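Enquirer: Okay, here's the structure, questions in a sec.
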Amino acid sequence: MSSIPSSGASLRGAVKNKELCPVTGYLSDISVDYHISSTVLGKGHYGCVRECTHRISRKRYAVKSVDKSKIGRLDHLQREVYLLSKMDHGGVIRLVDCYENANFVHIITEKYAGGELFDRIIDCTSDTGCFSEEKAALVVNSLLEAVSYLHSNGIVHRDIKPENILFETKNVDSPIRLIDFGLSRKYKKGDKLMCNPVGTAYYMSPELLRGKYDQSCDVWSIGTVAYILLCGYPPFNGETDPDIFKAIERGDFSLSGKAWCDKSPEAKDFLECLLRKDPRKRFSAEEALSHPWLKNVRNQTNTRRQKEMMSRLQSIRKSIRAIRLSQ
């Protein structure tokens, strides 16, 4: 499996060495092409993310430096790099380059400066809920488009959560990107069911916990994210992971209380379609995109933006007329 992108490391000074560099198959020096900042953007179990600058273009990117000695299965890291190199969608993190030496794999991606969805949830949550329905629906719609793309290309993410959703900018209406494909794998409809229960407790589906699941586990996770966006807390809660798992296996969640009194019937029905215990009855990502809740919000948003555009055009015309009259 070749996981090296067709740029950078594969073209400038990379040397084939599968023994020393089993992830990419090439020994390469990231410092030849990039300057890595000392500023840490984030930390994980296996390394950290920093800013880097391409020495020729001066463009800034993010680089995740993974310590290979802390990775139990390097083939999983190889799979992550390979899948990233095959993806091309506006809602998915974009791989720029990849370098490997004896100790580290450096994965370079576009840099997104808007922060995690998780942080915006924390900032927006109150007793009456979290995001407005329009704002929540726009995020969920973008997330579903990204996941629909993944599923149509035979990829399942398996760790969709607010911490793995980044905003491109700090703008209120910033686009989002799905990141962290460390648990992702190839899976297409009709393949043997997956059995390894991976992910993050709050967002794991009932069938995933039972060890027999397919790509619909991603849709359950999106349903959980959508629920949190609307009310500010998860549908299945508990003091410990086992408690959370028991709540998920029961599959009972509430759509009543202070945070839900002003939510539309369409929003509640959408959640019920994505959080169905039986994966055979659960909506697919493509079906969820056609739900009336999302379609209505898309229409409302398009209408509002058209009105805003017309208003700006009218203001420009008035300004031009005023200039002409003053001449």
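Chain lettering (A, B, ...) mirrors the order of the structure tokens, residue numbering begins at 1 for each chain separately, and ligand numbering begins at 1 in order of display.
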Can you list, as a PyMOL selection string, every protein, DNA or RNA residue that comes within 9 Å of Arg276 in chain A when you count only C-alpha atoms, leaving out same-chain residues fewer than 5 positions away?
Expert: chain A and resi 220+251+271+281-283
Enquirer: Could you pull the residues within 8 Å of Val40 in chain A, counting only C-alpha atoms, minus those fewer than 4 positions along the same chain, as a list in words?
Expert: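 Contacts, with the query itself left out: Cys48, Val49, Arg50 and Glu51 of chain A.
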Enquirer: Show me a table, sorted first by chain and then by increasing residue number, of the residues of range 185-256 of chain A having an atom at most 12 Å from range 67-86 of chain A, each with its shortest atom pair and the distance in Å to one decimal, counting only C-alpha atoms and written as CSV.
Expert:
residue,atom,partner,partner_atom,distance
A:Arg185,CA,A:Arg79,CA,7.1
A:Lys186,CA,A:Leu83,CA,8.1
A:Tyr187,CA,A:Leu83,CA,11.6
Enquirer: List every residue of range 35-180 of chain A that DSSP, applied to the backbone, labels as alpha helix (DSSP H), and write the result as a PyMOL selection string.
Expert: chain A and resi 74-86+117-124+133-152
Enquirer: Quick one: distance from CA of Ala137 in chain A to CA of Tyr227 in chain A in Å, one decimal?
Expert: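 Computed distance, CA of Ala137 in chain A to CA of Tyr227 in chain A, equals 10.6 Å.
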Enquirer: Compile the contact shell of Glu19 in chain A as number ranges by chain: residues with an atom at most 12 Å away, counting only C-alpha atoms, same-chain residues fewer than 6 positions apart removed.
Expert: A: 25-27, 100-102
Enquirer: I want to know what sits within 7 Å of range 115-129 of chain A, based on only C-alpha atoms, with residues of the same chain fewer than 4 positions away left out; could you give that as a list in words?
Expert: Pro162, Glu163, Ile165, Leu166, Phe167, Leu229, Leu230, Cys231, Gly232, Lys258 and Ala259 of chain A
Enquirer: Which residue gives the smallest distance to Cys217 in chain A among A:Val105, A:Leu255, A:Leu274, A:Leu289, with only C-alpha atoms counted?
Expert: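 Counting only C-alpha atoms, the residue closest to Cys217 in chain A is A:Leu274.
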Enquirer: Taking 3 positions as the minimum chain separation for residues in the same chain, which residues sit within 10 Å of Val63 in chain A when counting only C-alpha atoms? Answer as a list in words.
Expert: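 Skipping anything fewer than 3 positions along the chain leaves Tyr34, Ile36, Ser37, Val40, Leu41, Cys48, Val49, Arg50, Glu51, Cys52, Thr53, Arg60, Val66, Leu95, Val96, Asp97, Cys98, Val105, His106, Ile107, Ile108, Thr109, Glu110 and Lys111 of chain A.
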Enquirer: For the strand (DSSP E or B) assignment from backbone DSSP, which residues of range 16-177 of chain A qualify? Please present them as a PyMOL selection string.
Expert: chain A and resi 16+26-27+34-43+47-54+60-67+92+95-100+104-110+116+126+129+155-156+165-167+176-177
Enquirer: May I have the selected residues written with N, CA and C atoms, as a compact mmCIF listing (two decimals), in the first residue's frame?
Expert:
# COMPACT_ATOMS: atom_id res chain seq x y z
N LYS A 16 13.90 5.39 -0.66
CA LYS A 16 13.13 4.20 -0.30
C LYS A 16 13.81 3.47 0.86
N TYR A 26 9.32 5.51 2.68
CA TYR A 26 10.35 6.45 2.26
C TYR A 26 10.96 7.17 3.46
N LEU A 27 12.27 7.31 3.47
CA LEU A 27 12.98 8.11 4.46
C LEU A 27 13.10 9.52 3.89
N TYR A 34 10.05 22.38 4.88
CA TYR A 34 9.21 23.13 5.81
C TYR A 34 9.99 23.59 7.04
N HIS A 35 9.62 24.78 7.51
CA HIS A 35 10.09 25.24 8.82
C HIS A 35 8.98 24.94 9.82
N ILE A 36 9.29 24.21 10.89
CA ILE A 36 8.29 23.85 11.90
C ILE A 36 8.38 24.81 13.07
N SER A 37 7.26 25.45 13.39
CA SER A 37 7.20 26.39 14.51
C SER A 37 7.24 25.64 15.84
N SER A 38 7.69 26.34 16.85
CA SER A 38 7.69 25.74 18.20
C SER A 38 6.32 25.85 18.85
N THR A 39 5.43 26.65 18.24
CA THR A 39 4.09 26.84 18.78
C THR A 39 3.26 25.57 18.60
N VAL A 40 2.78 25.03 19.71
CA VAL A 40 1.98 23.80 19.69
C VAL A 40 0.50 24.17 19.55
N LEU A 41 -0.15 23.63 18.51
CA LEU A 41 -1.57 23.90 18.28
C LEU A 41 -2.46 22.90 19.01
N GLY A 42 -1.91 21.72 19.29
CA GLY A 42 -2.68 20.69 19.99
C GLY A 42 -1.79 19.52 20.35
N LYS A 43 -2.24 18.74 21.34
CA LYS A 43 -1.49 17.57 21.79
C LYS A 43 -2.38 16.35 21.82
N GLY A 47 1.62 12.30 19.96
CA GLY A 47 2.45 13.40 19.48
C GLY A 47 1.72 14.71 19.59
N CYS A 48 2.18 15.69 18.80
CA CYS A 48 1.57 17.01 18.89
C CYS A 48 1.36 17.60 17.49
N VAL A 49 0.56 18.66 17.43
CA VAL A 49 0.30 19.37 16.19
C VAL A 49 0.89 20.77 16.32
N ARG A 50 1.70 21.15 15.34
CA ARG A 50 2.31 22.48 15.32
C ARG A 50 2.08 23.15 13.97
N GLU A 51 2.36 24.42 13.92
CA GLU A 51 2.29 25.14 12.65
C GLU A 51 3.60 24.95 11.89
N CYS A 52 3.51 24.83 10.57
CA CYS A 52 4.72 24.77 9.75
C CYS A 52 4.54 25.66 8.54
N THR A 53 5.65 26.12 8.00
CA THR A 53 5.63 27.03 6.86
C THR A 53 6.46 26.46 5.72
N HIS A 54 5.87 26.40 4.54
CA HIS A 54 6.60 25.90 3.38
C HIS A 54 7.69 26.90 3.00
N ARG A 60 1.30 28.59 5.22
CA ARG A 60 1.30 27.97 6.55
C ARG A 60 0.34 26.79 6.59
N TYR A 61 0.80 25.74 7.25
CA TYR A 61 0.01 24.52 7.38
C TYR A 61 0.08 24.02 8.82
N ALA A 62 -0.62 22.92 9.07
CA ALA A 62 -0.52 22.24 10.37
C ALA A 62 0.22 20.92 10.15
N VAL A 63 1.10 20.58 11.08
CA VAL A 63 1.81 19.30 10.97
C VAL A 63 1.61 18.50 12.25
N LYS A 64 1.10 17.27 12.08
CA LYS A 64 0.95 16.35 13.21
C LYS A 64 2.16 15.43 13.21
N SER A 65 2.98 15.54 14.25
CA SER A 65 4.19 14.72 14.36
C SER A 65 3.91 13.54 15.28
N VAL A 66 3.87 12.36 14.71
CA VAL A 66 3.49 11.15 15.45
C VAL A 66 4.75 10.38 15.84
N ASP A 67 4.89 10.15 17.14
CA ASP A 67 6.02 9.38 17.67
C ASP A 67 5.75 7.89 17.43
N VAL A 92 -13.83 17.73 4.47
CA VAL A 92 -12.87 16.79 5.06
C VAL A 92 -11.48 17.43 5.07
N LEU A 95 -5.04 16.55 3.17
CA LEU A 95 -3.63 16.20 3.33
C LEU A 95 -2.80 16.96 2.31
N VAL A 96 -1.70 17.55 2.77
CA VAL A 96 -0.79 18.29 1.90
C VAL A 96 0.46 17.48 1.60
N ASP A 97 1.01 16.83 2.61
CA ASP A 97 2.26 16.10 2.44
C ASP A 97 2.48 15.16 3.62
N CYS A 98 3.45 14.27 3.49
CA CYS A 98 3.78 13.34 4.57
C CYS A 98 5.25 12.99 4.52
N TYR A 99 5.90 13.04 5.67
CA TYR A 99 7.33 12.73 5.77
C TYR A 99 7.52 11.72 6.89
N GLU A 100 8.54 10.89 6.73
CA GLU A 100 8.84 9.90 7.77
C GLU A 100 10.35 9.76 7.93
N PHE A 104 9.74 9.52 13.68
CA PHE A 104 8.46 10.21 13.55
C PHE A 104 7.86 10.09 12.15
N VAL A 105 6.53 10.19 12.11
CA VAL A 105 5.80 10.43 10.87
C VAL A 105 5.19 11.83 10.99
N HIS A 106 5.49 12.69 10.03
CA HIS A 106 4.98 14.06 10.03
C HIS A 106 3.88 14.18 8.98
N ILE A 107 2.65 14.37 9.43
CA ILE A 107 1.50 14.48 8.52
C ILE A 107 1.13 15.95 8.40
N ILE A 108 1.31 16.51 7.19
CA ILE A 108 1.04 17.93 6.96
C ILE A 108 -0.33 18.09 6.31
N THR A 109 -1.15 18.95 6.91
CA THR A 109 -2.49 19.21 6.39
C THR A 109 -2.73 20.71 6.34
N GLU A 110 -3.83 21.08 5.71
CA GLU A 110 -4.24 22.48 5.76
C GLU A 110 -4.46 22.89 7.21
N GLU A 116 -12.32 24.11 17.58
CA GLU A 116 -13.18 22.92 17.59
C GLU A 116 -14.65 23.29 17.78
N SER A 126 -26.63 27.02 27.31
CA SER A 126 -27.33 27.65 28.44
C SER A 126 -28.47 26.73 28.86
N GLY A 129 -30.77 25.70 25.93
CA GLY A 129 -30.25 24.99 24.77
C GLY A 129 -28.85 25.43 24.38
N ILE A 155 -15.39 4.45 2.86
CA ILE A 155 -14.62 4.80 4.06
C ILE A 155 -15.58 5.06 5.22
N VAL A 156 -15.28 4.49 6.38
CA VAL A 156 -16.05 4.76 7.59
C VAL A 156 -15.13 5.45 8.59
N ILE A 165 -14.27 17.98 14.80
CA ILE A 165 -14.88 18.86 13.80
C ILE A 165 -14.31 20.26 14.01
N LEU A 166 -13.59 20.76 13.03
CA LEU A 166 -12.95 22.07 13.14
C LEU A 166 -13.65 23.08 12.23
N PHE A 167 -13.66 24.34 12.67
CA PHE A 167 -14.11 25.44 11.82
C PHE A 167 -12.91 25.98 11.06
N ILE A 176 -17.04 23.93 8.07
CA ILE A 176 -16.41 22.98 8.99
C ILE A 176 -15.59 21.95 8.23
N ARG A 177 -14.71 21.27 8.95
CA ARG A 177 -13.92 20.17 8.39
C ARG A 177 -13.91 19.01 9.38
Enquirer: Residues near Pro175 in chain A, anyone? I mean within 9 Å using only C-alpha atoms, not counting same-chain ones fewer than 4 positions away, as an mmCIF file with C-alpha atoms, in the first residue's frame.
Expert:
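Output file part_1.cif follows:
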data_model
loop_
_atom_site.group_PDB
_atom_site.id
_atom_site.type_symbol
_atom_site.label_atom_id
_atom_site.label_comp_id
_atom_site.auth_asym_id
_atom_site.auth_seq_id
_atom_site.Cartn_x
_atom_site.Cartn_y
_atom_site.Cartn_z
ATOM 1 C CA GLY A 90 -14.601 20.433 1.071
ATOM 2 C CA GLY A 91 -15.843 19.065 4.381
ATOM 3 C CA VAL A 139 -23.300 22.292 10.802
ATOM 4 C CA SER A 142 -22.099 19.964 6.209
ATOM 5 C CA LEU A 166 -12.953 22.068 13.135
ATOM 6 C CA PHE A 167 -14.109 25.437 11.822
ATOM 7 C CA GLU A 168 -12.002 26.771 8.977
ATOM 8 C CA THR A 169 -12.121 30.341 10.356
ATOM 9 C CA ASN A 171 -16.323 33.593 11.518
#
Enquirer: One decimal, in Å: what's the spacing between CA of Arg158 in chain A and CA of Val198 in chain A?
Expert: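 Atom-to-atom, CA of Arg158 in chain A and CA of Val198 in chain A are spaced 6.9 Å apart.
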